[in-house]
>>> print(open('target-v5.cif').read())   # mmCIF, C-alpha atoms
data_start
#
loop_
_atom_site.label_atom_id
_atom_site.label_comp_id
_atom_site.auth_asym_id
_atom_site.auth_seq_id
_atom_site.Cartn_x
_atom_site.Cartn_y
_atom_site.Cartn_z
CA MET A 1 0.00 0.00 0.00
CA LYS A 2 2.86 2.41 0.90
CA ARG A 3 4.55 1.68 -2.43
CA PHE A 4 1.26 2.38 -4.25
CA LEU A 5 0.81 5.70 -2.43
CA TRP A 6 4.42 6.71 -3.19
CA ILE A 7 3.92 5.97 -6.90
CA LEU A 8 0.61 7.87 -6.88
CA CYS A 9 2.22 10.92 -5.23
CA LEU A 10 5.15 10.79 -7.66
CA SER A 11 2.75 10.57 -10.60
CA CYS A 12 0.76 13.56 -9.30
CA SER A 13 3.96 15.55 -8.76
CA ILE A 14 5.11 14.86 -12.30
CA SER A 15 1.70 15.88 -13.66
CA ILE A 16 1.72 19.10 -11.67
CA CYS A 17 5.25 19.98 -12.78
CA SER A 18 4.37 19.18 -16.37
CA TRP A 19 1.25 21.34 -16.16
CA ALA A 20 3.22 24.22 -14.60
CA ALA A 21 5.84 23.97 -17.32
CA GLU A 22 3.28 24.33 -20.08
CA GLU A 23 3.47 27.75 -21.68
CA ILE A 24 0.31 29.77 -21.27
CA GLN A 25 -0.82 31.01 -24.66
CA THR A 26 -0.91 34.80 -24.97
CA VAL A 27 -2.77 36.66 -27.71
CA VAL A 28 -2.74 40.41 -28.29
CA ILE A 29 -5.61 41.95 -30.26
CA HIS A 30 -5.16 45.43 -31.71
CA ALA A 31 -8.68 46.87 -31.92
CA GLY A 32 -9.15 50.00 -34.01
CA ASN A 33 -12.55 50.63 -32.42
CA LEU A 34 -13.68 48.74 -29.35
CA LEU A 35 -17.16 48.53 -27.84
CA ALA A 36 -15.99 46.78 -24.70
CA ILE A 37 -19.14 47.44 -22.67
CA PRO A 38 -22.31 47.87 -24.75
CA GLY A 39 -24.11 50.94 -23.46
CA GLU A 40 -20.87 52.88 -23.12
CA SER A 41 -19.03 54.77 -25.86
CA PRO A 42 -16.57 52.88 -28.07
CA ALA A 43 -12.85 53.54 -27.57
CA GLN A 44 -10.18 53.81 -30.25
CA GLN A 45 -6.81 52.08 -30.57
CA GLN A 46 -7.13 49.54 -27.80
CA SER A 47 -5.23 46.36 -27.03
CA ILE A 48 -6.95 43.27 -25.64
CA ILE A 49 -4.59 40.78 -24.04
CA LEU A 50 -5.79 37.17 -23.83
CA ARG A 51 -4.22 34.42 -21.77
CA ASP A 52 -5.59 30.98 -22.50
CA ASN A 53 -9.36 31.36 -22.82
CA ARG A 54 -9.75 34.51 -20.71
CA ILE A 55 -9.26 38.24 -21.14
CA ASP A 56 -6.23 39.28 -19.11
CA ALA A 57 -6.37 43.05 -19.72
CA VAL A 58 -7.72 45.81 -21.93
CA VAL A 59 -5.34 48.76 -22.33
CA ASP A 60 -5.09 51.99 -24.27
CA GLY A 61 -2.86 52.02 -27.32
CA TYR A 62 -1.33 49.18 -29.30
CA VAL A 63 0.80 46.91 -27.15
CA ASP A 64 3.96 45.59 -28.85
CA PRO A 65 3.73 41.77 -28.67
CA ALA A 66 7.52 41.64 -28.24
CA SER A 67 7.14 43.48 -24.93
CA LEU A 68 5.29 40.52 -23.42
CA PRO A 69 7.00 37.37 -22.13
CA GLY A 70 6.86 34.10 -24.01
CA GLN A 71 5.38 33.39 -27.41
CA VAL A 72 2.68 35.94 -28.25
CA GLU A 73 0.26 35.86 -31.19
CA LEU A 74 -0.95 39.15 -32.69
CA VAL A 75 -4.43 39.48 -34.17
CA ASP A 76 -4.47 42.79 -36.01
CA LEU A 77 -7.98 44.27 -36.00
CA SER A 78 -6.78 47.85 -36.15
CA ASP A 79 -9.06 48.51 -39.13
CA LYS A 80 -12.08 46.78 -37.54
CA PHE A 81 -14.85 47.47 -35.04
CA VAL A 82 -14.54 44.99 -32.16
CA LEU A 83 -17.26 43.96 -29.71
CA PRO A 84 -18.24 41.05 -27.44
CA GLY A 85 -19.34 37.75 -28.92
CA LEU A 86 -23.08 37.73 -29.56
CA ILE A 87 -25.63 35.62 -27.66
CA ASP A 88 -28.83 34.22 -29.19
CA MET A 89 -31.34 33.28 -26.50
CA HIS A 90 -33.73 31.28 -28.67
CA VAL A 91 -32.50 28.67 -31.14
CA HIS A 92 -33.26 25.05 -32.03
CA MET A 93 -29.84 23.80 -33.03
CA LEU A 94 -30.68 20.34 -34.36
CA SER A 95 -33.14 21.17 -37.13
CA GLU A 96 -34.25 23.60 -39.79
CA ILE A 97 -37.63 23.91 -41.51
CA SER A 98 -37.70 22.66 -45.09
CA PRO A 99 -40.32 21.23 -47.46
CA SER A 100 -39.38 17.74 -46.21
CA SER A 101 -39.53 18.57 -42.49
CA ARG A 102 -42.73 16.67 -41.73
CA ASN A 103 -41.48 13.51 -43.42
CA ASP A 104 -38.01 13.85 -41.88
CA ALA A 105 -39.43 12.54 -38.61
CA LEU A 106 -39.75 9.15 -40.31
CA TYR A 107 -36.16 9.02 -41.54
CA ILE A 108 -33.84 11.20 -39.46
CA THR A 109 -32.31 9.33 -36.51
CA THR A 110 -31.28 10.92 -33.25
CA SER A 111 -27.66 10.43 -34.29
CA MET A 112 -28.22 12.19 -37.60
CA SER A 113 -29.97 15.04 -35.77
CA ALA A 114 -26.83 15.46 -33.70
CA MET A 115 -24.69 15.45 -36.85
CA ARG A 116 -26.89 18.13 -38.39
CA GLY A 117 -26.51 20.04 -35.15
CA VAL A 118 -22.74 20.01 -35.56
CA TYR A 119 -23.17 21.69 -38.95
CA TYR A 120 -25.70 24.25 -37.71
CA ALA A 121 -23.53 25.00 -34.69
CA GLY A 122 -20.58 25.72 -36.96
CA ILE A 123 -22.39 28.21 -39.15
CA THR A 124 -23.95 29.87 -36.10
CA LEU A 125 -20.52 30.43 -34.58
CA ASP A 126 -19.23 31.64 -37.94
CA ALA A 127 -22.00 34.29 -37.87
CA GLY A 128 -20.57 35.72 -34.63
CA PHE A 129 -22.82 34.01 -32.08
CA THR A 130 -20.50 32.53 -29.50
CA THR A 131 -23.26 31.49 -27.07
CA VAL A 132 -26.82 30.25 -27.60
CA ARG A 133 -29.75 29.04 -25.54
CA ASP A 134 -31.41 26.04 -27.19
CA LEU A 135 -35.10 26.00 -26.28
CA GLY A 136 -36.38 22.72 -27.61
CA SER A 137 -34.41 19.87 -29.15
CA GLU A 138 -34.20 16.10 -28.71
CA PRO A 139 -32.53 15.85 -25.28
CA GLU A 140 -29.91 13.18 -25.86
CA ALA A 141 -28.68 14.75 -29.09
CA ILE A 142 -28.59 18.37 -27.90
CA TYR A 143 -26.87 17.47 -24.64
CA ALA A 144 -24.26 15.46 -26.57
CA LEU A 145 -23.67 18.42 -28.91
CA ARG A 146 -23.41 20.81 -25.96
CA ASP A 147 -20.90 18.59 -24.19
CA ALA A 148 -18.86 17.90 -27.34
CA ILE A 149 -18.47 21.65 -27.90
CA ASN A 150 -17.50 22.19 -24.25
CA GLN A 151 -14.87 19.44 -24.56
CA GLY A 152 -13.45 20.95 -27.74
CA LEU A 153 -14.38 17.95 -29.89
CA VAL A 154 -16.40 20.05 -32.36
CA SER A 155 -16.63 23.76 -33.08
CA GLY A 156 -19.70 25.72 -32.12
CA PRO A 157 -21.17 28.23 -29.71
CA THR A 158 -21.48 27.48 -26.03
CA ILE A 159 -24.94 25.93 -25.64
CA PHE A 160 -27.31 26.28 -22.71
CA ALA A 161 -29.89 23.59 -23.43
CA ALA A 162 -33.46 22.94 -22.28
CA GLY A 163 -34.06 19.59 -23.98
CA SER A 164 -37.73 18.89 -24.70
CA SER A 165 -40.38 21.50 -23.92
CA LEU A 166 -42.86 20.94 -21.12
CA ALA A 167 -46.30 21.14 -22.69
CA ALA A 168 -49.93 20.16 -22.15
CA THR A 169 -51.39 17.15 -23.92
CA GLY A 170 -52.46 18.30 -27.36
CA GLY A 171 -50.80 21.67 -26.90
CA HIS A 172 -47.88 23.31 -28.65
CA GLY A 173 -44.84 21.19 -27.89
CA ASP A 174 -46.79 17.93 -28.15
CA VAL A 175 -46.56 16.00 -31.42
CA ASP A 176 -49.32 16.62 -33.97
CA GLY A 177 -50.40 16.01 -37.54
CA TYR A 178 -49.65 12.26 -37.77
CA ILE A 179 -51.73 9.07 -37.52
CA PRO A 180 -52.71 8.01 -33.96
CA GLU A 181 -50.15 5.19 -33.80
CA LEU A 182 -47.31 7.62 -34.47
CA LEU A 183 -48.73 10.25 -32.13
CA GLU A 184 -48.69 7.71 -29.32
CA MET A 185 -45.18 6.51 -30.19
CA TRP A 186 -43.66 9.98 -30.51
CA THR A 187 -45.29 11.82 -27.61
CA PRO A 188 -42.46 13.50 -25.65
CA GLU A 189 -41.87 12.40 -22.07
CA THR A 190 -42.17 16.04 -20.95
CA ILE A 191 -45.89 16.28 -21.81
CA CYS A 192 -47.73 16.81 -18.54
CA ASP A 193 -51.21 17.57 -17.24
CA GLY A 194 -51.91 18.96 -13.78
CA PRO A 195 -49.42 20.33 -11.26
CA ILE A 196 -48.29 16.94 -9.91
CA GLU A 197 -47.41 15.55 -13.34
CA CYS A 198 -45.74 18.83 -14.28
CA ARG A 199 -43.67 18.83 -11.10
CA ALA A 200 -42.42 15.33 -11.95
CA ALA A 201 -41.74 16.28 -15.58
CA THR A 202 -39.70 19.30 -14.46
CA ARG A 203 -37.59 17.20 -12.13
CA GLU A 204 -37.15 14.55 -14.82
CA ALA A 205 -35.95 17.10 -17.37
CA ILE A 206 -33.41 18.54 -14.95
CA LYS A 207 -32.26 15.08 -13.91
CA PHE A 208 -31.33 14.23 -17.48
CA GLY A 209 -29.42 17.44 -18.17
CA ALA A 210 -31.72 20.43 -18.80
CA GLN A 211 -30.00 23.72 -17.90
CA TRP A 212 -33.25 25.59 -18.54
CA ILE A 213 -36.88 24.57 -18.40
CA LYS A 214 -38.87 25.61 -21.47
CA ILE A 215 -42.66 25.62 -21.19
CA THR A 216 -45.21 26.25 -23.93
CA ALA A 217 -47.70 28.41 -22.09
CA THR A 218 -49.73 29.13 -25.24
CA GLY A 219 -50.45 27.68 -28.63
CA GLY A 220 -47.78 27.91 -31.29
CA VAL A 221 -47.69 29.04 -34.89
CA LEU A 222 -46.09 25.84 -36.17
CA SER A 223 -48.45 23.37 -34.48
CA ASP A 224 -50.52 21.75 -37.21
CA THR A 225 -53.79 22.46 -35.42
CA ALA A 226 -56.41 25.19 -35.30
CA THR A 227 -56.15 25.54 -31.52
CA GLY A 228 -55.02 29.15 -31.67
CA LEU A 229 -52.30 31.08 -29.83
CA GLY A 230 -54.03 31.54 -26.47
CA GLN A 231 -53.17 30.04 -23.07
CA GLN A 232 -52.86 26.23 -23.01
CA MET A 233 -51.08 25.39 -19.75
CA THR A 234 -53.15 26.22 -16.70
CA ASP A 235 -52.16 28.67 -13.97
CA ASP A 236 -51.54 25.92 -11.41
CA GLU A 237 -49.36 23.97 -13.88
CA LEU A 238 -47.28 27.06 -14.67
CA THR A 239 -46.85 27.95 -11.01
CA GLU A 240 -45.78 24.42 -10.09
CA ILE A 241 -43.24 24.18 -12.91
CA VAL A 242 -41.63 27.51 -12.03
CA ALA A 243 -41.49 26.75 -8.29
CA THR A 244 -40.00 23.29 -8.90
CA ALA A 245 -37.37 24.54 -11.33
CA HIS A 246 -36.38 27.52 -9.20
CA ASN A 247 -36.07 25.28 -6.14
CA LEU A 248 -33.50 23.31 -8.12
CA GLY A 249 -31.67 26.44 -9.27
CA ILE A 250 -32.92 26.29 -12.86
CA LYS A 251 -34.54 29.18 -14.72
CA VAL A 252 -37.72 28.94 -16.81
CA ALA A 253 -38.45 30.26 -20.31
CA ALA A 254 -42.05 30.44 -21.53
CA HIS A 255 -43.02 30.22 -25.18
CA ALA A 256 -46.01 32.56 -25.18
CA HIS A 257 -47.92 34.39 -27.93
CA GLY A 258 -51.35 35.27 -26.52
CA ALA A 259 -51.66 37.93 -23.83
CA ASP A 260 -53.57 35.61 -21.49
CA GLY A 261 -50.74 33.05 -21.53
CA ILE A 262 -48.02 35.71 -21.35
CA ASN A 263 -49.58 37.26 -18.28
CA ALA A 264 -50.25 33.90 -16.60
CA ALA A 265 -46.61 32.88 -17.13
CA LEU A 266 -45.36 36.20 -15.77
CA ARG A 267 -47.56 35.89 -12.69
CA ALA A 268 -46.15 32.38 -12.20
CA GLY A 269 -42.64 33.87 -12.09
CA VAL A 270 -40.99 32.79 -15.36
CA ASP A 271 -37.62 34.29 -16.18
CA SER A 272 -38.29 35.00 -19.84
CA ILE A 273 -41.19 35.27 -22.24
CA ASP A 274 -40.21 34.16 -25.71
CA HIS A 275 -42.08 35.67 -28.69
CA GLY A 276 -44.54 37.85 -26.72
CA THR A 277 -46.54 38.46 -29.89
CA TYR A 278 -49.79 39.75 -28.39
CA LEU A 279 -48.48 41.24 -25.15
CA ASP A 280 -50.57 44.08 -23.72
CA GLN A 281 -50.27 46.85 -21.13
CA GLU A 282 -50.84 44.37 -18.30
CA SER A 283 -47.95 42.32 -19.71
CA ILE A 284 -45.68 45.37 -19.64
CA ARG A 285 -46.67 46.07 -16.04
CA LEU A 286 -45.92 42.45 -15.06
CA PHE A 287 -42.58 42.43 -16.92
CA ASN A 288 -41.46 45.50 -15.01
CA GLU A 289 -42.80 44.19 -11.72
CA THR A 290 -41.08 40.81 -11.98
CA GLY A 291 -37.92 41.78 -13.89
CA ALA A 292 -38.55 39.04 -16.45
CA TYR A 293 -37.01 39.38 -19.90
CA LEU A 294 -38.74 39.52 -23.27
CA VAL A 295 -37.05 37.56 -26.08
CA PRO A 296 -38.89 38.95 -29.14
CA THR A 297 -37.84 36.67 -32.10
CA LEU A 298 -39.03 39.07 -34.81
CA LEU A 299 -37.25 37.25 -37.63
CA PRO A 300 -39.81 34.45 -38.22
CA GLY A 301 -42.66 36.95 -38.43
CA ILE A 302 -40.87 38.63 -41.32
CA LYS A 303 -39.38 35.60 -43.04
CA LEU A 304 -42.17 33.02 -42.81
CA PRO A 305 -44.76 34.91 -44.88
CA GLU A 306 -42.11 35.19 -47.60
CA SER A 307 -41.53 31.43 -47.74
CA MET A 308 -44.76 29.64 -46.82
CA GLU A 309 -46.60 29.49 -50.14
CA GLY A 310 -45.76 26.32 -52.04
CA ASN A 311 -44.03 24.71 -49.05
CA PRO A 312 -46.03 21.61 -47.96
CA PHE A 313 -44.85 21.98 -44.36
CA PHE A 314 -47.08 25.03 -43.97
CA THR A 315 -50.66 23.82 -43.75
CA ASP A 316 -53.61 26.21 -43.85
CA ASP A 317 -53.83 26.17 -40.03
CA ILE A 318 -50.16 27.15 -39.74
CA LYS A 319 -50.38 29.84 -42.40
CA ASP A 320 -53.40 31.49 -40.79
CA LYS A 321 -51.58 31.81 -37.46
CA ALA A 322 -48.30 32.89 -39.06
CA TYR A 323 -49.81 35.75 -41.05
CA ALA A 324 -51.71 37.08 -38.04
CA ALA A 325 -48.79 36.78 -35.61
CA GLY A 326 -46.32 38.37 -38.01
CA ALA A 327 -48.60 41.36 -38.47
CA ALA A 328 -49.13 41.89 -34.72
CA ALA A 329 -45.66 41.37 -33.30
CA ALA A 330 -43.85 44.55 -34.32
CA ASP A 331 -46.19 47.07 -32.67
CA ASN A 332 -46.47 45.10 -29.44
CA ILE A 333 -42.74 44.45 -29.10
CA ALA A 334 -42.09 48.14 -29.77
CA ALA A 335 -44.56 49.05 -27.02
CA ALA A 336 -42.73 46.77 -24.59
CA TYR A 337 -39.40 48.40 -25.46
CA ARG A 338 -40.85 51.89 -24.92
CA GLY A 339 -42.31 50.64 -21.64
CA GLY A 340 -38.87 49.76 -20.28
CA VAL A 341 -39.14 45.96 -20.46
CA ASN A 342 -35.86 44.03 -20.23
CA ILE A 343 -35.04 42.62 -23.67
CA ALA A 344 -32.71 39.77 -24.61
CA PHE A 345 -31.89 38.91 -28.21
CA GLY A 346 -33.40 35.81 -29.84
CA THR A 347 -34.17 34.55 -33.33
CA ASP A 348 -35.97 31.18 -33.17
CA SER A 349 -33.39 29.90 -35.66
CA ALA A 350 -34.52 26.61 -37.19
CA VAL A 351 -37.81 28.32 -38.03
CA THR A 352 -35.55 30.54 -40.14
CA PRO A 353 -32.16 29.35 -41.44
CA HIS A 354 -29.25 29.05 -39.06
CA GLY A 355 -26.44 31.48 -39.71
CA LEU A 356 -28.82 34.35 -40.49
CA ASN A 357 -29.17 35.20 -36.79
CA GLY A 358 -27.71 38.65 -37.30
CA GLU A 359 -30.66 39.72 -39.45
CA GLU A 360 -32.76 39.97 -36.27
CA PHE A 361 -30.91 43.19 -35.44
CA ARG A 362 -32.24 45.05 -38.47
CA TYR A 363 -35.85 44.27 -37.55
CA MET A 364 -35.26 45.33 -33.96
CA VAL A 365 -33.97 48.67 -35.19
CA GLN A 366 -36.85 49.00 -37.66
CA ILE A 367 -39.41 48.88 -34.82
CA GLY A 368 -37.60 51.61 -32.89
CA ILE A 369 -34.98 49.85 -30.75
CA THR A 370 -31.72 51.81 -30.90
CA GLU A 371 -28.64 50.17 -32.35
CA MET A 372 -26.90 50.29 -28.97
CA ASP A 373 -29.86 48.74 -27.16
CA ALA A 374 -30.11 46.02 -29.79
CA ILE A 375 -26.44 45.15 -29.26
CA HIS A 376 -26.92 45.37 -25.48
CA SER A 377 -29.75 42.82 -25.76
CA ALA A 378 -27.39 40.32 -27.45
CA THR A 379 -24.54 40.85 -25.00
CA ILE A 380 -25.13 42.22 -21.49
CA GLY A 381 -28.89 41.60 -21.54
CA ALA A 382 -28.59 38.00 -22.70
CA ALA A 383 -25.66 37.29 -20.38
CA THR A 384 -27.65 38.63 -17.44
CA LEU A 385 -30.64 36.43 -18.30
CA LEU A 386 -28.28 33.44 -18.50
CA SER A 387 -26.82 34.33 -15.08
CA GLN A 388 -23.46 34.48 -16.88
CA LEU A 389 -22.57 38.17 -16.71
CA GLU A 390 -19.43 37.35 -14.73
CA ASN A 391 -18.19 35.40 -17.77
CA LEU A 392 -19.91 36.84 -20.85
CA GLY A 393 -21.38 39.96 -22.40
CA THR A 394 -18.50 42.44 -22.19
CA ILE A 395 -14.80 42.62 -23.01
CA GLU A 396 -13.27 43.04 -19.56
CA ALA A 397 -10.46 41.43 -17.60
CA GLY A 398 -11.39 38.04 -16.21
CA LYS A 399 -14.14 37.24 -18.70
CA ILE A 400 -14.16 34.47 -21.28
CA ALA A 401 -12.50 35.66 -24.47
CA ASP A 402 -15.53 35.61 -26.78
CA ILE A 403 -14.87 38.47 -29.22
CA ILE A 404 -16.03 39.39 -32.72
CA ALA A 405 -15.22 42.11 -35.24
CA VAL A 406 -16.96 43.75 -38.19
CA ASP A 407 -15.64 46.09 -40.86
CA SER A 408 -17.58 49.22 -39.86
CA ASN A 409 -19.42 50.68 -36.88
CA PRO A 410 -22.74 48.83 -36.32
CA LEU A 411 -23.96 51.77 -34.24
CA ASN A 412 -24.20 53.60 -37.56
CA ASP A 413 -25.41 50.63 -39.62
CA ILE A 414 -26.73 47.67 -37.64
CA THR A 415 -26.61 45.42 -40.70
CA GLU A 416 -22.83 45.26 -40.21
CA LEU A 417 -23.63 42.50 -37.71
CA GLU A 418 -24.87 40.37 -40.60
CA ARG A 419 -21.29 40.37 -41.94
CA VAL A 420 -19.04 39.37 -39.06
CA SER A 421 -15.45 39.18 -40.24
CA THR A 422 -13.66 37.90 -37.14
CA VAL A 423 -14.74 35.40 -34.49
CA ILE A 424 -12.73 34.47 -31.40
CA LYS A 425 -14.33 31.85 -29.14
CA SER A 426 -12.81 31.15 -25.72
CA GLY A 427 -9.55 32.71 -26.88
CA LYS A 428 -9.34 30.62 -30.07
CA LEU A 429 -9.36 32.34 -33.45
CA ILE A 430 -12.21 30.75 -35.41
CA LYS A 431 -12.50 33.15 -38.36
CA ASN A 432 -10.58 36.18 -39.56
CA LEU A 433 -11.38 37.54 -43.02
#
>>> encode(input="target-v5.cif", output="structure tokens")
Amino acid sequence: MKRFLWILCLSCSISICSWAAEEIQTVVIHAGNLLAIPGESPAQQQSIILRDNRIDAVVDGYVDPASLPGQVELVDLSDKFVLPGLIDMHVHMLSEISPSSRNDALYITTSMSAMRGVYYAGITLDAGFTTVRDLGSEPEAIYALRDAINQGLVSGPTIFAAGSSLAATGGHGDVDGYIPELLEMWTPETICDGPIECRAATREAIKFGAQWIKITATGGVLSDTATGLGQQMTDDELTEIVATAHNLGIKVAAHAHGADGINAALRAGVDSIDHGTYLDQESIRLFNETGAYLVPTLLPGIKLPESMEGNPFFTDDIKDKAYAAGAAAADNIAAAYRGGVNIAFGTDSAVTPHGLNGEEFRYMVQIGITEMDAIHSATIGAATLLSQLENLGTIEAGKIADIIAVDSNPLNDITELERVSTVIKSGKLIKNL
């Protein structure tokens, strides 16, 4: 036993010495214009010093890499506008709507969904989104993708995943549109009715890896039913889910279109309302009272009407809801913004193509959100909602080195964020055009 302990200690000592001897990678970024903290004014001619995957310092002027010890890599962005990596708070990373989507359920395996997710994750990161919140994907596949990215096995944004949505039987989030035998076979395990079932479903989701709970408080546009966009989960179900999740330290996001469901979810204490299509003045009051965030997802309301005709995925029931929701969203989201509601950026990518996430900014600005506030929503606002502001959302010492650059100032032209030229994720240069 003594010999074993001596060998173990020697092995540990060698490992520690080897680790200490490893050279810490240092990167110096020369930023011509730097929006380090969205909401504050950009600074010119700044140097960002990275050590491993963290920001070590931000200093005035251009630091000479030769002045720093060890081997130092220079990333010259002196002709670029540099800002924090972007965060999308509403994606579905394993899929994307296409004319074959309804039939894909018969042919696409869980493993293939994960492989598709690797591809979608790559193009999302390439678009400048270094972090995402996935609000509804097959649990095993999305958790595997999340973990593979965290372990450096594949390239993609950091994923905070909810797994399957909690939903009422027959509601949005349940399976629909197929023959009864398939409906029974494919019903998600997170479908629940009544507070006791919903409490168990919440615990089950968290047990198997959910970092967020996503509930479908109202009907949804893409459900192939004529059940509308009003409240579907009952008040006692919503309250029980939120209390159970919060007791386990997990936040709750509510898919909600109709005002009745939005307001019920806010009264139950959810942390975010996603979509918020028909929110009203009572909704705005409840948002401000509770501090919950609105994740608007304007992009589908613009893009879907352009692409639905001739696509067999979009049945008449879906099209009717999509046209009405798209027409209503802009005015109501603008009213929430004017009313001081907390806003975090989201796209609902999968409903629209992955990699086009940056187009959401232009529609936010079109409804009256300032360019700075739009950027804030995708950085500090989103990081705060994720409870990750100590790591993400700004370019400051100690934070994870998630950094992007564009050619020109997006405060003057927000569409610059549709053309991200440089992406650095956790200190690693992913793209530099």
>>> closest_residue(input="target-v5.cif", among="A:Val154, A:Leu166, A:Ala401, A:Ile375", to="Glu416 (chain A)", atoms="all atoms listed in the file")
A:Ile375
>>> residues_around(input="target-v5.cif", residues="Gly136 (chain A)", least_positions_apart="2", cutoff="12 Å", atoms="all atoms listed in the file", output="PyMOL selection string")
chain A and resi 89-95+133-134+138-143+160-167+172-174+188+190+205+210-216+253-255+348-351
>>> closest_residue(input="target-v5.cif", among="A:Asn53, A:Ser47, A:Thr202, A:Asn391", to="Gly427 (chain A)", atoms="all atoms listed in the file")
A:Asn53
>>> residues_around(input="target-v5.cif", residues="Leu299 (chain A)", least_positions_apart="5", cutoff="12 Å", atoms="all atoms listed in the file", output="PyMOL selection string")
chain A and resi 90-91+275+304-306+322+325-326+329-330+345-354+356-364+366
>>> closest_residue(input="target-v5.cif", among="A:Ser387, A:Ser426, A:Ser223, A:Ser421", to="Lys251 (chain A)", atoms="all atoms listed in the file")
A:Ser387
>>> resolve_selection(input="target-v5.cif", expression="the PyMOL selection byres ((chain A and resi 409) around 10)", output="mmCIF file with C-alpha atoms, keeping the file's coordinate frame")
data_model
loop_
_atom_site.group_PDB
_atom_site.id
_atom_site.type_symbol
_atom_site.label_atom_id
_atom_site.label_comp_id
_atom_site.auth_asym_id
_atom_site.auth_seq_id
_atom_site.Cartn_x
_atom_site.Cartn_y
_atom_site.Cartn_z
ATOM 1 C CA ASN A 33 -12.550 50.630 -32.420
ATOM 2 C CA LEU A 34 -13.680 48.740 -29.350
ATOM 3 C CA LEU A 35 -17.160 48.530 -27.840
ATOM 4 C CA PRO A 42 -16.570 52.880 -28.070
ATOM 5 C CA LYS A 80 -12.080 46.780 -37.540
ATOM 6 C CA PHE A 81 -14.850 47.470 -35.040
ATOM 7 C CA VAL A 82 -14.540 44.990 -32.160
ATOM 8 C CA ALA A 405 -15.220 42.110 -35.240
ATOM 9 C CA VAL A 406 -16.960 43.750 -38.190
ATOM 10 C CA ASP A 407 -15.640 46.090 -40.860
ATOM 11 C CA SER A 408 -17.580 49.220 -39.860
ATOM 12 C CA PRO A 410 -22.740 48.830 -36.320
ATOM 13 C CA LEU A 411 -23.960 51.770 -34.240
ATOM 14 C CA ASN A 412 -24.200 53.600 -37.560
ATOM 15 C CA ASP A 413 -25.410 50.630 -39.620
ATOM 16 C CA ILE A 414 -26.730 47.670 -37.640
ATOM 17 C CA THR A 415 -26.610 45.420 -40.700
ATOM 18 C CA GLU A 416 -22.830 45.260 -40.210
ATOM 19 C CA LEU A 417 -23.630 42.500 -37.710
#
>>> resolve_selection(input="target-v5.cif", expression="the PyMOL selection byres ((chain A and resi 265-273) around 8)", output="count of residues only")
28
>>> residues_near_point(input="target-v5.cif", point="(-49.4, 26.9, -29.2)", cutoff="7 Å", atoms="all atoms listed in the file", output="list in words")
Gly171, His172, Thr216, Thr218, Gly219, Gly220, Val221, Ser223, Gly228 and Leu229 of chain A
>>> atom_distance(input="target-v5.cif", atom1="CA of Leu183 (chain A)", atom2="CA of Lys207 (chain A)")
25.0 Å
>>> resolve_selection(input="target-v5.cif", expression="the PyMOL selection byres ((chain A and resi 72) around 12)", output="PyMOL selection string")
chain A and resi 23-29+49-52+63-71+73-75
